[in-house]
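Structure first, commentary second.
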Number of protein chains: 2
Amino acid sequence: MDWEQIEARLDLLLAEKRHGQMRGALMMVNPVDIAEYMKKLDAEKLLLMFRILPKDVSAEVFSYMDPDQRETLVGSIADKEITALISDMFVDDAVDFLEELPANAVKRVLQNTDPQTRAIINQFLKYPENSAGSLMTIEYCEFAPEMNVRDALQTIKETGVDKETVYTLYLVDRQRKLVGTVPLHKALVVDVDTPLLKLVDPRVIAVNTLDDQEVVADTVRKYHLLSIPVVDGEGRMVGIITSDDIMDVIEEENTEDFEKMSGLAPAEEPYFKSSMFKLAWNRLPWLMILMLASVLSGAIISRFESVLAVNILLSASIPMLMNTGGNCGQQASTLMVRGIALGEVQFTDIMKAIWTELRVGILVGFALSMVTFVRLLMLNQASVLIALTISFSLYATVVIAKSIGCALPLVAQRLNIDPALAASPLITTLVDAASLLIFFGIASHLVMA
Amino acid sequence: MDWEQIEARLDLLLAEKRHGQMRGALMMVNPVDIAEYMKKLDAEKLLLMFRILPKDVSAEVFSYMDPDQRETLVGSIADKEITALISDMFVDDAVDFLEELPANAVKRVLQNTDPQTRAIINQFLKYPENSAGSLMTIEYCEFAPEMNVRDALQTIKETGVDKETVYTLYLVDRQRKLVGTVPLHKALVVDVDTPLLKLVDPRVIAVNTLDDQEVVADTVRKYHLLSIPVVDGEGRMVGIITSDDIMDVIEEENTEDFEKMSGLAPAEEPYFKSSMFKLAWNRLPWLMILMLASVLSGAIISRFESVLAVNILLSASIPMLMNTGGNCGQQASTLMVRGIALGEVQFTDIMKAIWTELRVGILVGFALSMVTFVRLLMLNQASVLIALTISFSLYATVVIAKSIGCALPLVAQRLNIDPALAASPLITTLVDAASLLIFFGIASHLVMA
C-alpha cells in the first residue's frame with residue numbers, strides 16, 4: 001500500500017468513527033507518518049485521533065507533532081492525560097515540548113507531573129538554549145565498572161525498555177565519573193563472563209552541559225558516534241545526546257548560516273508558521289543597514305559626476321563592476337565560511353588563503369576583463385582608452401573582492417563573531433565602495449588626463 | 001592529558017624511534033585523532049607510523065586519512081599489505097578509497113585482493129556517484145524470519161565482529177526480500193525464546209540503490225534511523241547505510257547548496273587541496289554569465305541617460321536601489337531554498353508563498369522607503385518630486401524583488417532544476433534589471449513631466 005491509499009483509508013475510518021479498526025490500521029503506520037497525517041486535522045478530529053492512538057505510540061507521535069498542534073491538544077485534554085504523556089516521553093522531548101508552550105500551560109503541565117520528573121524537567125529548562133544540556137536526555141544505561149557482560153545484559157533486560165539507546169554502555173564509577181564506554185556489539189561477541197573493563201574504550205569523548213550544540217554536532221560527526229555522553233562542570237555524567245538529534249542540529253546550524261549569509265535574522269519557526277510581522281522584522285535590520293551603507297556608493301558616484309559625463313559607457317559599466325565585484329567577494333567568502341564550518345580552514349591559514357585568492361583573482365580577473373575589453377571595442381565601439389579604463393577597473397575589482405571576501409570571515413572568526421555574519425551582504429557593500437573608488441581613481445587619471 | 005601533550009609525546013617517540021612505546025601510546029588515542037596527527041607527517045614518517053599502528057586499528061585509521069596521504073602510502077607499501085588493508089576495511093570505505101585513486105593504482109590494488117572481494121568492489125564501483133548504492137556497505141547482520149532471539153544473539157556472536165552495525169536485525173526471507181526489522185534493544189529486553197516475528201516492525205523503510213544520497217539523508221533524518229536498508233530494483237536487500245555516513249552526506253549537500261547559491265561550481269575537494277586552476281575554473285562560468293547579464297542593466301542606464309541628467313541624486317540612488325533589491329530577493333530565495341531542502345515548502349505552496357512575500361514586501365518596503373524619503377529631504381535637500389520618485393521606486397523594487405525571489409526557486413524545483421541554482425546571483429541580476437526599469441519608468445513620468 002502506498003501512502004495515498006493509507007491516507008484515504010485513515011480518512012474513511014476517521015469519518016465513519018470506526019475506532020477499533022482505526023487503531024489496527026495505525027499499528028501499520030510509522031509514528032512519524034502518523035504525526036504527518038495529523039497535521040491536516042482540525043482541533044476536534046485531532047483530539048479524537050490522539051485518543052484512538054495505541055497507548056505505547058501516543059507519546060512518540062506527540063513528540064513528532066507540530067508545536068501549535070501540541071498546544072491545541074494540551075488545551076483540550078485532561079490533566080491526567082498530560083501527566084501520562086509527559087512521563088511516557090523521553091526527557092529531551094518533554095523539555096523541547098515545554099520550551100514551546102506558553103508559561104501558564106507549562107505551569108499546568110508541571111503541576112500534574114510527579115515531583116521527581118518535575119525536578120528533572122525544571123533543571124533541564126535552566127540550561128541555556130542550544131546548549132548540550134538542553135539537547136541531552138537522561139534515558140541512557142549506566143553500568144558499574146566491576147560488572148561483566150552477563151550483568152550488563154541483565155541490567156539492559158531489566159531497565160532497557162525505556163532507554164533512548166542501549167547501544168553504548170557507559171561505565172560510571174561511584175563518584176559518577178565516566179570511566180569509559182563499551183560499544184554493545186563488542187559485548188555481544190565475547191563470552192558473557194568477560195569483565196566490562198576488558199572491553200572498555202577509555203578514550204572518553206564527551207561534551208560539557210554548557211557546550212554549544214555546534215560543538216556537539218562537530219564532535220559527533222568527527223568521531224562517527226551514535227551517541228555522546230554529556231558531563232557537568234565536575235566531570236560527572238549527567239546525560240547523553242543521540243545522533244538522530246544531532247542531524248537536526250546540523251540542519252539547524254546550516255539554516256542559521258544560510259540566513260546570516262543572506263542578511264536574515266535567524267528564524268525560530270518554519271516559514272509558513274511565522275507571522276507576517278515576524279518575517280518582516282527578521283529581514284528589516286540588515287536591509288536597513290545595507291541600504292544606508294549603499295548611500296556611500298551613491299555619494300562616490302555624485303562626487304565623480306564630472307568623470308561620468310565624459311562618456312555614457314562609464315555610467316553604463318557601474319552595474320557590471322559592482323555586480324561582478326559582489327559575486328567574486330561572495331564566492332570567496334562562501335568558501336571560507338564553509339571551510340571554517342567543516343573544520344578545513346582556520347584563522348592561522350589567513351595568509352595562505354589570501355595568497356590563494358589573490359592568484360585565483362588574477363586568473364579569473366584576466367578572463368573577465370579580456371572579454372569585457374573585446375566587448376567594449378567590438379559591440380559598443382568604445383575608444384581604446386575607455387575600454388582600457390573599464391577593463392582595468394574590473395580586473396582590480398575582482399582581485400580586491402576576492403581578497404576581502406576571503407579575509408573577512410577569517411577575521412570575524414578570530415574576533416569570535418560568526419563568520420557567516422561577516423559574509424555575503426556586508427562584503428557586497430564593502431566591495432561596491434571599493435570597486436567604485438578604483439573605477440573613478442583609474443578613470444579620472446586616464447580619461448580626464 | 002590534553003591533545004597538545006599527546007601530540008608532543010607522539011612527536012618525541014616517533015623521533016627517537018621508540019616503536020614499542022609508540023604502539024602503546026597509540027592504543028590510548030582515538031583512530032580519528034591518529035589520522036589527524038598523521039596529516040603533518042612527511043612520506044617517510046607516514047610509512048613508519050603506519051607500520052607501527054596496532055593491526056586492528058590500521059584499516060580504520062587508513063579510512064580517516066587524507067586522500068593524498070592514502071595515495072602516498074599505497075605507493076610505498078607492499079602489495080600484500082594493501083590486500084590486508086582492503087580486506088580489513090568496510091566495503092563502503094574501501095570503495096570510497098578506490099574512487100579517489102588514479103586508475104593504475106586501482107588496478108594494482110584490485111589485483112591483490114581475493115576474487116570475492118574484488119567482485120563485490122567492482123560491482124560497487126559501478127553505482128552512480130552520490131547514489132545510495134555507492135554509499136552503502138554490505139557488513140550488516142541478516143536473519144531468517146523463523147529465528148528466535150536466542151538464535152539471533154548466537155548469530156551476532158558468531159558473525160557480528162566484522163559488521164558495521166548489529167543494532168538493527170534485518171529479517172530477510174528466502175527470496176532475499178526484506179520482511180521487516182527488529183531493533184536490537186527490543187530483542188534484549190524479552191525472553192530469549194521469543195520469536196523474532198513477534199518483535200518485527202513490518203513498516204519497512206528502505207531506499208533503492210539508485211536513489212540519490214539526498215533522498216537517503218532526508219529519509220534517515222525524518223524517521224530518526226540509525227541505519228537504513230538498501231534494496232535493488234527487485235526489492236532484494238543488498239546493503240545498509242549507517243547514520244554516521246549520513247551526517248557527512250548532509251554536510252556535503254549543504255555545501256553544494258551554499259556553493260550554488262554563491263555562483264560556484266560544486267567543488268570535489270577541500271579548499272586547500274584544490275589547485276589554483278580548479279578553483280578559478282569553478283568560479284568562472286557563473287561570473288562570466290552574470291557579468292554579461294549585468295551589461296543589460298548598463299544598457300538600461302544608457303537608454304535613460306537624459307533622465308539621469310535631470311538630477312545627480314538620481315544616478316547616486318542606483319547602487320542603493322540595486323543593492324536593496326538584490327538583498328530582498330536573496331532573503332526570499334534563501335528562505336524558499338531552505339524550506340524546500342527541509343521539506344517545509346513545496347511547489348504547490350507557490351501562491352501562498354508569493355502572497356506572503358507580497359505582504360512582507362509591503363511592510364518592509366514601507367519602512368525602507370520612508371527612511372529614504374526622509375533622508376533625501378533632510379540630508380540631501382532633494383525636492384519632494386525627486387525624493388518621491390526615488391522612494392517610490394525603492395518601494396516597488398522591494399515588493400517585486402521579494403516576489404521574484406520566492407517564486408524562482410519553487411518554479412525551478414517544479415522543473416527539476418536544483419532550487420539553489422535558481423537562487424542568489426541569478427535573482428540579483430534579474431532584480432537589477434527590474435529595479436532599473438521601474439526606476440526609470442517612474443522617473444521619466446514624474447521628473448520629465
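In the C-alpha cells, chains take the letters A, B, ... in the order shown, each chain's residues start at 1, and ligands count up from 1 in the order shown.
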
Set the cut-off to 7 Å and count only C-alpha atoms: what are the residues of chain B that reach chain A? Output as a PyMOL selection string. chain B and resi 28-30+32+156-158+160-161+166+185+188-190+203+221+223-225+244+247+255+258-259+262-264+270-271+276+279-280+284+287-288+291+294-295+297-299+301-302+312+316-317+319-320+324+327+330-331+334+338-339+344+360+363-364+368

Assign secondary structure with DSSP using the backbone only, and return the residues of region 140-324 of chain A in alpha helix (DSSP H) as number ranges by chain. A: 149-159, 184-188, 196-199, 213-222, 243-261, 276-303, 305-308, 312-324

Residues near Asp93 (chain B), anyone? I mean within 10 Å using only C-alpha atoms, not counting same-chain ones fewer than 3 positions away, as a ChimeraX atom specification. /B:59-60,62-64,86,89-90,96-99,135-137

Emit the selected residues as a PDB file, in the first residue's frame, including C-alpha atoms.
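As a result, out_3.pdb now contains:
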```
ATOM      1  CA  ALA B  59      42.417  -0.096   8.495  1.00  0.00           C
ATOM      2  CA  GLU B  60      40.210   2.277  10.474  1.00  0.00           C
ATOM      3  CA  PHE B  62      43.505   4.499   6.954  1.00  0.00           C
ATOM      4  CA  SER B  63      39.835   5.172   6.189  1.00  0.00           C
ATOM      5  CA  TYR B  64      40.039   8.503   8.073  1.00  0.00           C
ATOM      6  CA  ILE B  86      41.400  -3.699   1.864  1.00  0.00           C
ATOM      7  CA  MET B  89      38.138  -2.178   5.658  1.00  0.00           C
ATOM      8  CA  PHE B  90      34.377  -1.957   5.412  1.00  0.00           C
ATOM      9  CA  ASP B  96      35.470   5.456  -1.273  1.00  0.00           C
ATOM     10  CA  PHE B  97      39.213   4.964  -1.173  1.00  0.00           C
ATOM     11  CA  LEU B  98      39.372   3.319  -4.590  1.00  0.00           C
ATOM     12  CA  GLU B  99      37.223   6.023  -6.178  1.00  0.00           C
ATOM     13  CA  LEU B 135      27.237   4.868  -0.058  1.00  0.00           C
ATOM     14  CA  MET B 136      26.099   1.502   1.251  1.00  0.00           C
ATOM     15  CA  THR B 137      28.072  -1.247   2.873  1.00  0.00           C
TER      16      THR B 137
END
```

I'd like the contact shell of Thr72 (chain B) - 12 Å cut-off, only C-alpha atoms, skipping same-chain residues fewer than 4 positions apart - returned as number ranges by chain. B: 39, 41-47, 50, 62, 65-68, 76-77, 101-102, 105

Using Å and a single decimal, report how far CA of Val431 (chain B) sits from CA of Val398 (chain B). 9.3 Å

What gap, in Å, lies between CA of Ile438 (chain B) and CA of Ile390 (chain B)? 10.2 Å

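With only C-alpha atoms as the atoms that count, the residue of B:Leu379, B:Met370, B:Met49, B:Val61 with the shortest distance to Ile34 (chain B) is B:Val61.
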
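If only C-alpha atoms are the atoms counted, then among B:Gln381, B:Thr117, B:Thr194, B:Thr219 the closest residue to Asp92 (chain B) is B:Thr117.
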
As an MDAnalysis selection string, please: every residue in region 197-230 of chain B that a backbone DSSP assignment puts in strand (DSSP E or B). chainID B and resid 201 207:208 212 227:230

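Considering only C-alpha atoms, the residue among B:Ser274, B:Arg51, B:Phe373, B:Ala15 positioned nearest to Leu73 (chain B) is B:Arg51.
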
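Here CA of Ile240 (chain B) is placed at a distance of 27.8 Å from CA of Arg108 (chain B).
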